[in-house]
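Visitor: Provided herewith: data-v3.cif, mmCIF, C-alpha atoms.
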```cif
data_coords
loop_
_atom_site.label_atom_id
_atom_site.label_comp_id
_atom_site.auth_asym_id
_atom_site.auth_seq_id
_atom_site.Cartn_x
_atom_site.Cartn_y
_atom_site.Cartn_z
CA MET A 7 83.61 100.54 98.13
CA THR A 8 85.56 97.53 96.92
CA VAL A 9 84.41 94.04 97.82
CA ASN A 10 86.08 90.72 97.00
CA ILE A 11 84.86 87.21 96.33
CA ILE A 12 86.12 84.01 97.96
CA LYS A 13 85.79 80.57 96.37
CA LEU A 14 87.07 77.04 96.91
CA CYS A 15 89.59 75.90 94.31
CA VAL A 16 88.43 72.30 93.95
CA GLY A 17 90.81 69.74 92.47
CA VAL A 18 93.88 71.94 92.81
CA GLU A 19 96.72 70.96 95.14
CA SER A 20 98.82 74.16 95.17
CA ILE A 21 99.28 77.63 93.72
CA ASP A 22 101.64 76.12 91.13
CA ASP A 23 98.95 73.62 90.16
CA LEU A 24 96.42 76.47 89.73
CA GLN A 25 98.99 78.41 87.67
CA MET A 26 99.52 75.45 85.31
CA TRP A 27 95.78 74.96 84.87
CA GLN A 28 95.25 78.66 84.18
CA ASN A 29 98.21 78.87 81.77
CA LYS A 30 96.54 76.13 79.74
CA ARG A 31 93.22 78.01 79.71
CA LEU A 32 95.01 81.25 78.77
CA LYS A 33 96.75 79.53 75.86
CA GLU A 34 93.50 77.93 74.61
CA ASN A 35 91.09 80.82 75.24
CA LYS A 36 93.29 83.95 75.45
CA ARG A 37 91.91 84.72 78.92
CA VAL A 38 91.54 83.21 82.38
CA TYR A 39 88.03 82.72 83.73
CA HIS A 40 85.69 80.69 85.89
CA VAL A 41 82.03 80.07 85.07
CA THR A 42 79.55 80.14 87.94
CA ARG A 43 75.78 80.02 88.19
CA MET A 44 74.98 83.24 90.04
CA MET A 45 75.77 86.79 88.95
CA PRO A 46 77.04 88.84 91.89
CA ARG A 47 74.50 91.51 92.86
CA ARG A 48 77.39 93.63 94.08
CA ASP A 49 79.19 93.40 90.73
CA ALA A 50 80.04 97.12 90.57
CA GLU A 51 81.77 96.88 93.97
CA VAL A 52 83.71 93.79 92.88
CA LEU A 53 84.79 95.42 89.60
CA ASP A 54 86.02 98.43 91.59
CA GLY A 55 89.36 96.69 92.28
CA GLY A 56 88.08 93.45 93.82
CA SER A 57 89.78 90.08 93.61
CA LEU A 58 88.79 86.44 93.84
CA TYR A 59 90.51 84.82 96.82
CA TRP A 60 91.14 81.13 96.12
CA VAL A 61 90.87 78.61 98.97
CA ILE A 62 93.24 75.74 98.21
CA LYS A 63 93.21 72.71 100.51
CA GLY A 64 91.37 74.60 103.27
CA ILE A 65 93.62 77.68 103.23
CA ILE A 66 93.18 81.02 101.47
CA GLN A 67 96.46 81.08 99.54
CA VAL A 68 96.21 83.38 96.54
CA ARG A 69 94.11 86.10 94.96
CA GLN A 70 93.38 87.13 91.42
CA LYS A 71 91.93 90.46 90.29
CA ILE A 72 88.46 90.19 88.71
CA VAL A 73 88.29 92.30 85.55
CA GLU A 74 84.89 91.42 84.07
CA PHE A 75 81.62 89.56 84.50
CA GLU A 76 80.28 88.19 81.24
CA PRO A 77 76.85 86.54 80.93
CA VAL A 78 77.00 83.17 79.14
CA THR A 79 74.49 80.45 78.33
CA GLY A 80 75.55 76.84 78.69
CA GLU A 81 74.86 74.07 76.20
CA ASP A 82 72.02 73.07 78.51
CA GLY A 83 70.38 76.49 78.01
CA ILE A 84 71.04 77.63 81.59
CA LYS A 85 72.26 81.20 82.03
CA ARG A 86 75.51 81.58 83.93
CA VAL A 87 78.21 84.19 84.43
CA MET A 88 81.87 84.06 83.48
CA MET A 89 84.23 85.71 85.97
CA VAL A 90 87.20 86.91 83.93
CA PHE A 91 90.50 87.37 85.82
CA ASP A 92 93.77 89.14 85.42
CA PRO A 93 96.17 86.22 84.82
CA GLU A 94 98.51 87.25 87.66
CA LEU A 95 98.22 85.12 90.80
CA VAL A 96 99.13 87.10 93.94
CA PRO A 97 100.05 84.97 96.97
CA VAL A 98 98.46 86.16 100.22
CA ARG A 99 99.09 85.51 103.88
CA PRO A 100 97.62 82.02 104.40
CA ALA A 101 94.34 81.99 106.29
CA PRO A 102 92.39 78.82 107.14
CA ARG A 103 88.86 78.65 105.76
CA ARG A 104 86.25 75.94 106.22
CA ALA A 105 84.56 74.44 103.19
CA PHE A 106 81.46 76.11 101.76
CA GLN A 107 79.46 75.85 98.57
CA GLY A 108 79.60 78.33 95.71
CA TRP A 109 81.26 81.65 96.36
CA ARG A 110 80.91 84.30 99.06
CA TYR A 111 81.63 88.00 99.36
CA LEU A 112 84.77 88.92 101.28
CA ASN A 113 85.00 92.48 102.60
CA ALA A 114 88.31 94.23 101.99
CA GLU A 115 89.02 94.55 105.72
CA ASP A 116 88.60 90.76 106.15
CA ALA A 117 90.85 89.80 103.23
CA PRO A 118 94.32 88.49 104.04
CA PRO A 119 97.15 90.82 102.95
CA ASP A 120 99.45 90.03 100.04
CA LEU A 121 102.65 88.20 100.90
CA SER A 122 105.81 90.26 100.61
CA LYS A 123 108.26 89.30 97.86
CA SER A 124 110.75 88.13 100.49
CA ALA A 125 108.14 85.88 102.12
CA GLN A 126 107.30 84.42 98.71
CA ARG A 127 110.98 83.66 98.01
CA ALA A 128 111.53 82.08 101.44
CA GLY A 129 110.14 78.77 100.17
CA ILE A 130 108.19 78.06 103.35
CA PRO A 131 105.47 75.43 102.81
CA VAL A 132 101.93 76.84 102.84
CA GLU A 133 100.86 74.85 105.90
CA MET A 134 103.82 76.19 107.89
CA ARG A 135 103.09 79.73 106.65
CA ALA A 136 99.51 79.33 107.90
CA GLU A 137 100.77 78.28 111.34
CA LEU A 138 103.20 81.21 111.45
CA ALA A 139 100.40 83.58 110.44
CA ASP A 140 98.21 82.19 113.26
CA LEU A 141 101.04 82.97 115.66
CA GLY A 142 101.36 86.49 114.24
CA LEU A 143 104.89 85.87 113.00
CA ILE A 144 104.29 86.70 109.34
#
```
Would you mind writing the structure in this file as C-alpha coordinates?
Guide:
Amino acid sequence: MTVNIIKLCVGVESIDDLQMWQNKRLKENKRVYHVTRMMPRRDAEVLDGGSLYWVIKGIIQVRQKIVEFEPVTGEDGIKRVMMVFDPELVPVRPAPRRAFQGWRYLNAEDAPPDLSKSAQRAGIPVEMRAELADLGLI
(Lines of atoms letter the chains of each structure in order from A and count residues from 1; the text may use other names and numbers.)
(Lines give C-alpha, C1' and ligand atoms only; values in the text may rest on other atoms or scores of the structure.)
Protein backbone atom coordinates (compact mmCIF):
# COMPACT_ATOMS: atom_id res chain seq x y z
CA MET A 1 0.00 0.00 0.00
CA THR A 2 1.38 3.38 -1.00
CA VAL A 3 1.94 6.05 1.62
CA ASN A 4 3.14 9.62 1.13
CA ILE A 5 5.15 12.08 3.19
CA ILE A 6 4.22 15.68 3.97
CA LYS A 7 6.76 18.36 4.88
CA LEU A 8 6.92 22.12 5.34
CA CYS A 9 8.83 23.93 2.61
CA VAL A 10 10.57 26.53 4.78
CA GLY A 11 11.93 29.67 3.14
CA VAL A 12 10.03 29.17 -0.11
CA GLU A 13 7.34 31.63 -1.18
CA SER A 14 5.74 29.77 -4.12
CA ILE A 15 5.89 26.73 -6.38
CA ASP A 16 7.95 28.80 -8.83
CA ASP A 17 10.39 29.64 -6.05
CA LEU A 18 10.72 25.93 -5.16
CA GLN A 19 11.23 25.12 -8.85
CA MET A 20 14.07 27.66 -9.15
CA TRP A 21 15.76 26.34 -6.02
CA GLN A 22 15.47 22.74 -7.23
CA ASN A 23 16.69 23.59 -10.75
CA LYS A 24 19.84 24.99 -9.16
CA ARG A 25 20.33 21.82 -7.09
CA LEU A 26 19.69 19.65 -10.17
CA LYS A 27 22.29 21.57 -12.16
CA GLU A 28 24.89 21.34 -9.35
CA ASN A 29 24.21 17.78 -8.15
CA LYS A 30 22.44 16.06 -11.07
CA ARG A 31 19.48 15.20 -8.81
CA VAL A 32 16.91 16.81 -6.54
CA TYR A 33 16.90 15.83 -2.88
CA HIS A 34 16.26 16.84 0.71
CA VAL A 35 18.31 15.61 3.66
CA THR A 36 16.45 14.80 6.87
CA ARG A 37 17.41 13.22 10.17
CA MET A 38 15.03 10.27 10.39
CA MET A 39 14.74 7.36 7.96
CA PRO A 40 11.09 6.51 7.33
CA ARG A 41 10.21 3.13 8.85
CA ARG A 42 7.60 2.73 6.14
CA ASP A 43 10.15 3.32 3.37
CA ALA A 44 8.94 0.40 1.21
CA GLU A 45 5.41 1.84 1.22
CA VAL A 46 6.71 5.31 0.31
CA LEU A 47 8.86 3.93 -2.52
CA ASP A 48 5.80 2.10 -3.87
CA GLY A 49 4.67 5.24 -5.74
CA GLY A 50 4.60 7.71 -2.84
CA SER A 51 5.26 11.43 -3.09
CA LEU A 52 6.42 14.22 -0.83
CA TYR A 53 3.67 16.81 -0.46
CA TRP A 54 5.19 20.26 0.11
CA VAL A 55 3.42 22.73 2.41
CA ILE A 56 4.23 26.24 1.19
CA LYS A 57 3.04 29.19 3.27
CA GLY A 58 0.55 27.05 5.22
CA ILE A 59 -1.00 25.36 2.18
CA ILE A 60 -0.25 21.98 0.59
CA GLN A 61 0.47 23.17 -2.96
CA VAL A 62 2.60 20.64 -4.80
CA ARG A 63 3.88 17.08 -4.70
CA GLN A 64 7.01 15.38 -5.89
CA LYS A 65 7.51 11.64 -6.37
CA ILE A 66 10.07 10.09 -4.01
CA VAL A 67 12.37 7.74 -5.93
CA GLU A 68 15.01 6.78 -3.35
CA PHE A 69 16.17 6.99 0.25
CA GLU A 70 19.94 7.16 0.56
CA PRO A 71 21.75 7.02 3.92
CA VAL A 72 24.31 9.82 4.33
CA THR A 73 26.61 10.97 7.11
CA GLY A 74 27.01 14.69 7.71
CA GLU A 75 30.29 16.49 8.31
CA ASP A 76 29.36 16.37 12.00
CA GLY A 77 29.32 12.55 11.90
CA ILE A 78 25.53 12.32 12.36
CA LYS A 79 23.72 9.78 10.19
CA ARG A 80 20.89 11.17 8.10
CA VAL A 81 18.85 10.17 5.07
CA MET A 82 18.63 11.81 1.67
CA MET A 83 15.16 11.76 0.09
CA VAL A 84 15.75 11.78 -3.66
CA PHE A 85 12.89 13.12 -5.83
CA ASP A 86 11.74 13.00 -9.38
CA PRO A 87 12.40 16.59 -10.55
CA GLU A 88 8.81 17.11 -11.75
CA LEU A 89 6.68 19.26 -9.45
CA VAL A 90 2.98 18.35 -9.68
CA PRO A 91 0.57 21.04 -8.43
CA VAL A 92 -2.24 19.69 -6.24
CA ARG A 93 -5.56 21.03 -5.04
CA PRO A 94 -4.56 23.50 -2.31
CA ALA A 95 -5.25 22.28 1.20
CA PRO A 96 -4.50 24.30 4.35
CA ARG A 97 -2.12 22.67 6.81
CA ARG A 98 -0.94 23.93 10.19
CA ALA A 99 2.76 24.09 10.94
CA PHE A 100 4.51 21.02 12.34
CA GLN A 101 8.10 19.93 12.82
CA GLY A 102 9.91 17.43 10.63
CA TRP A 103 7.85 15.34 8.27
CA ARG A 104 4.74 13.20 8.66
CA TYR A 105 3.16 10.31 6.81
CA LEU A 106 0.19 11.17 4.61
CA ASN A 107 -2.12 8.32 3.63
CA ALA A 108 -3.08 8.20 -0.03
CA GLU A 109 -6.78 8.72 0.76
CA ASP A 110 -5.94 11.93 2.69
CA ALA A 111 -3.69 13.42 -0.01
CA PRO A 112 -5.11 16.26 -2.10
CA PRO A 113 -5.67 15.35 -5.77
CA ASP A 114 -3.51 16.71 -8.58
CA LEU A 115 -4.73 19.88 -10.23
CA SER A 116 -6.04 19.47 -13.75
CA LYS A 117 -4.02 21.07 -16.56
CA SER A 118 -6.83 23.58 -17.14
CA ALA A 119 -6.84 24.59 -13.46
CA GLN A 120 -3.07 25.04 -13.59
CA ARG A 121 -3.34 27.29 -16.67
CA ALA A 122 -6.15 29.38 -15.16
CA GLY A 123 -3.61 31.50 -13.28
CA ILE A 124 -5.69 31.66 -10.11
CA PRO A 125 -3.60 32.67 -7.07
CA VAL A 126 -2.95 29.83 -4.62
CA GLU A 127 -4.82 31.49 -1.76
CA MET A 128 -7.92 31.91 -3.93
CA ARG A 129 -7.60 28.30 -5.13
CA ALA A 130 -7.52 27.19 -1.48
CA GLU A 131 -10.71 29.14 -0.76
CA LEU A 132 -12.41 27.67 -3.84
CA ALA A 133 -11.34 24.18 -2.78
CA ASP A 134 -12.82 24.78 0.70
CA LEU A 135 -16.08 25.69 -0.99
CA GLY A 136 -15.93 22.54 -3.14
CA LEU A 137 -15.70 24.54 -6.36
CA ILE A 138 -12.44 23.05 -7.64
Visitor: Starting from the PyMOL selection byres ((chain A and resi 116) around 12), expand the selection into actual residues of this file and give them as a PyMOL selection string.
Guide: chain A and resi 8-12+59+66+99+101+111-115+117-119
Visitor: Generate a file of the selected residues that holds C-alpha atoms, formatted as a CSV table (one decimal), in the coordinates of the input.
Guide:
```
chain,number,residue,atom,x,y,z
A,8,THR,CA,85.6,97.5,96.9
A,9,VAL,CA,84.4,94.0,97.8
A,10,ASN,CA,86.1,90.7,97.0
A,11,ILE,CA,84.9,87.2,96.3
A,12,ILE,CA,86.1,84.0,98.0
A,59,TYR,CA,90.5,84.8,96.8
A,66,ILE,CA,93.2,81.0,101.5
A,99,ARG,CA,99.1,85.5,103.9
A,101,ALA,CA,94.3,82.0,106.3
A,111,TYR,CA,81.6,88.0,99.4
A,112,LEU,CA,84.8,88.9,101.3
A,113,ASN,CA,85.0,92.5,102.6
A,114,ALA,CA,88.3,94.2,102.0
A,115,GLU,CA,89.0,94.6,105.7
A,117,ALA,CA,90.8,89.8,103.2
A,118,PRO,CA,94.3,88.5,104.0
A,119,PRO,CA,97.2,90.8,103.0
```
Visitor: On this structure, the PyMOL selection byres ((chain A and resi 18) around 12) would catch which residues? List them as a list in words, sorted by chain and number.
Guide: Leu14, Cys15, Val16, Gly17, Glu19, Ser20, Ile21, Asp22, Asp23, Leu24, Gln25, Met26, Trp27, Gln28, Trp60, Val61, Ile62, Lys63, Gly64, Ile65 and Gln67 of chain A
Visitor: Rounded to one decimal, what separation in Å do you get between CA of Asp49 (chain A) and CA of Lys13 (chain A)?
Guide: 15.5 Å
Visitor: List the neighbours of Val96 (chain A) out to 7 Å using only C-alpha atoms; skip same-chain residues closer than 4 positions along the sequence, and give me the result as a VMD selection string.
Guide: chain A and resid 68 to 70 120
Visitor: Separation of CA of Glu51 (chain A) and CA of Phe91 (chain A), in Å?
Guide: 15.3 Å
Visitor: Record the distance separating CA of Leu32 (chain A) and CA of Leu58 (chain A), expressed in Å with one decimal.
Guide: 17.1 Å
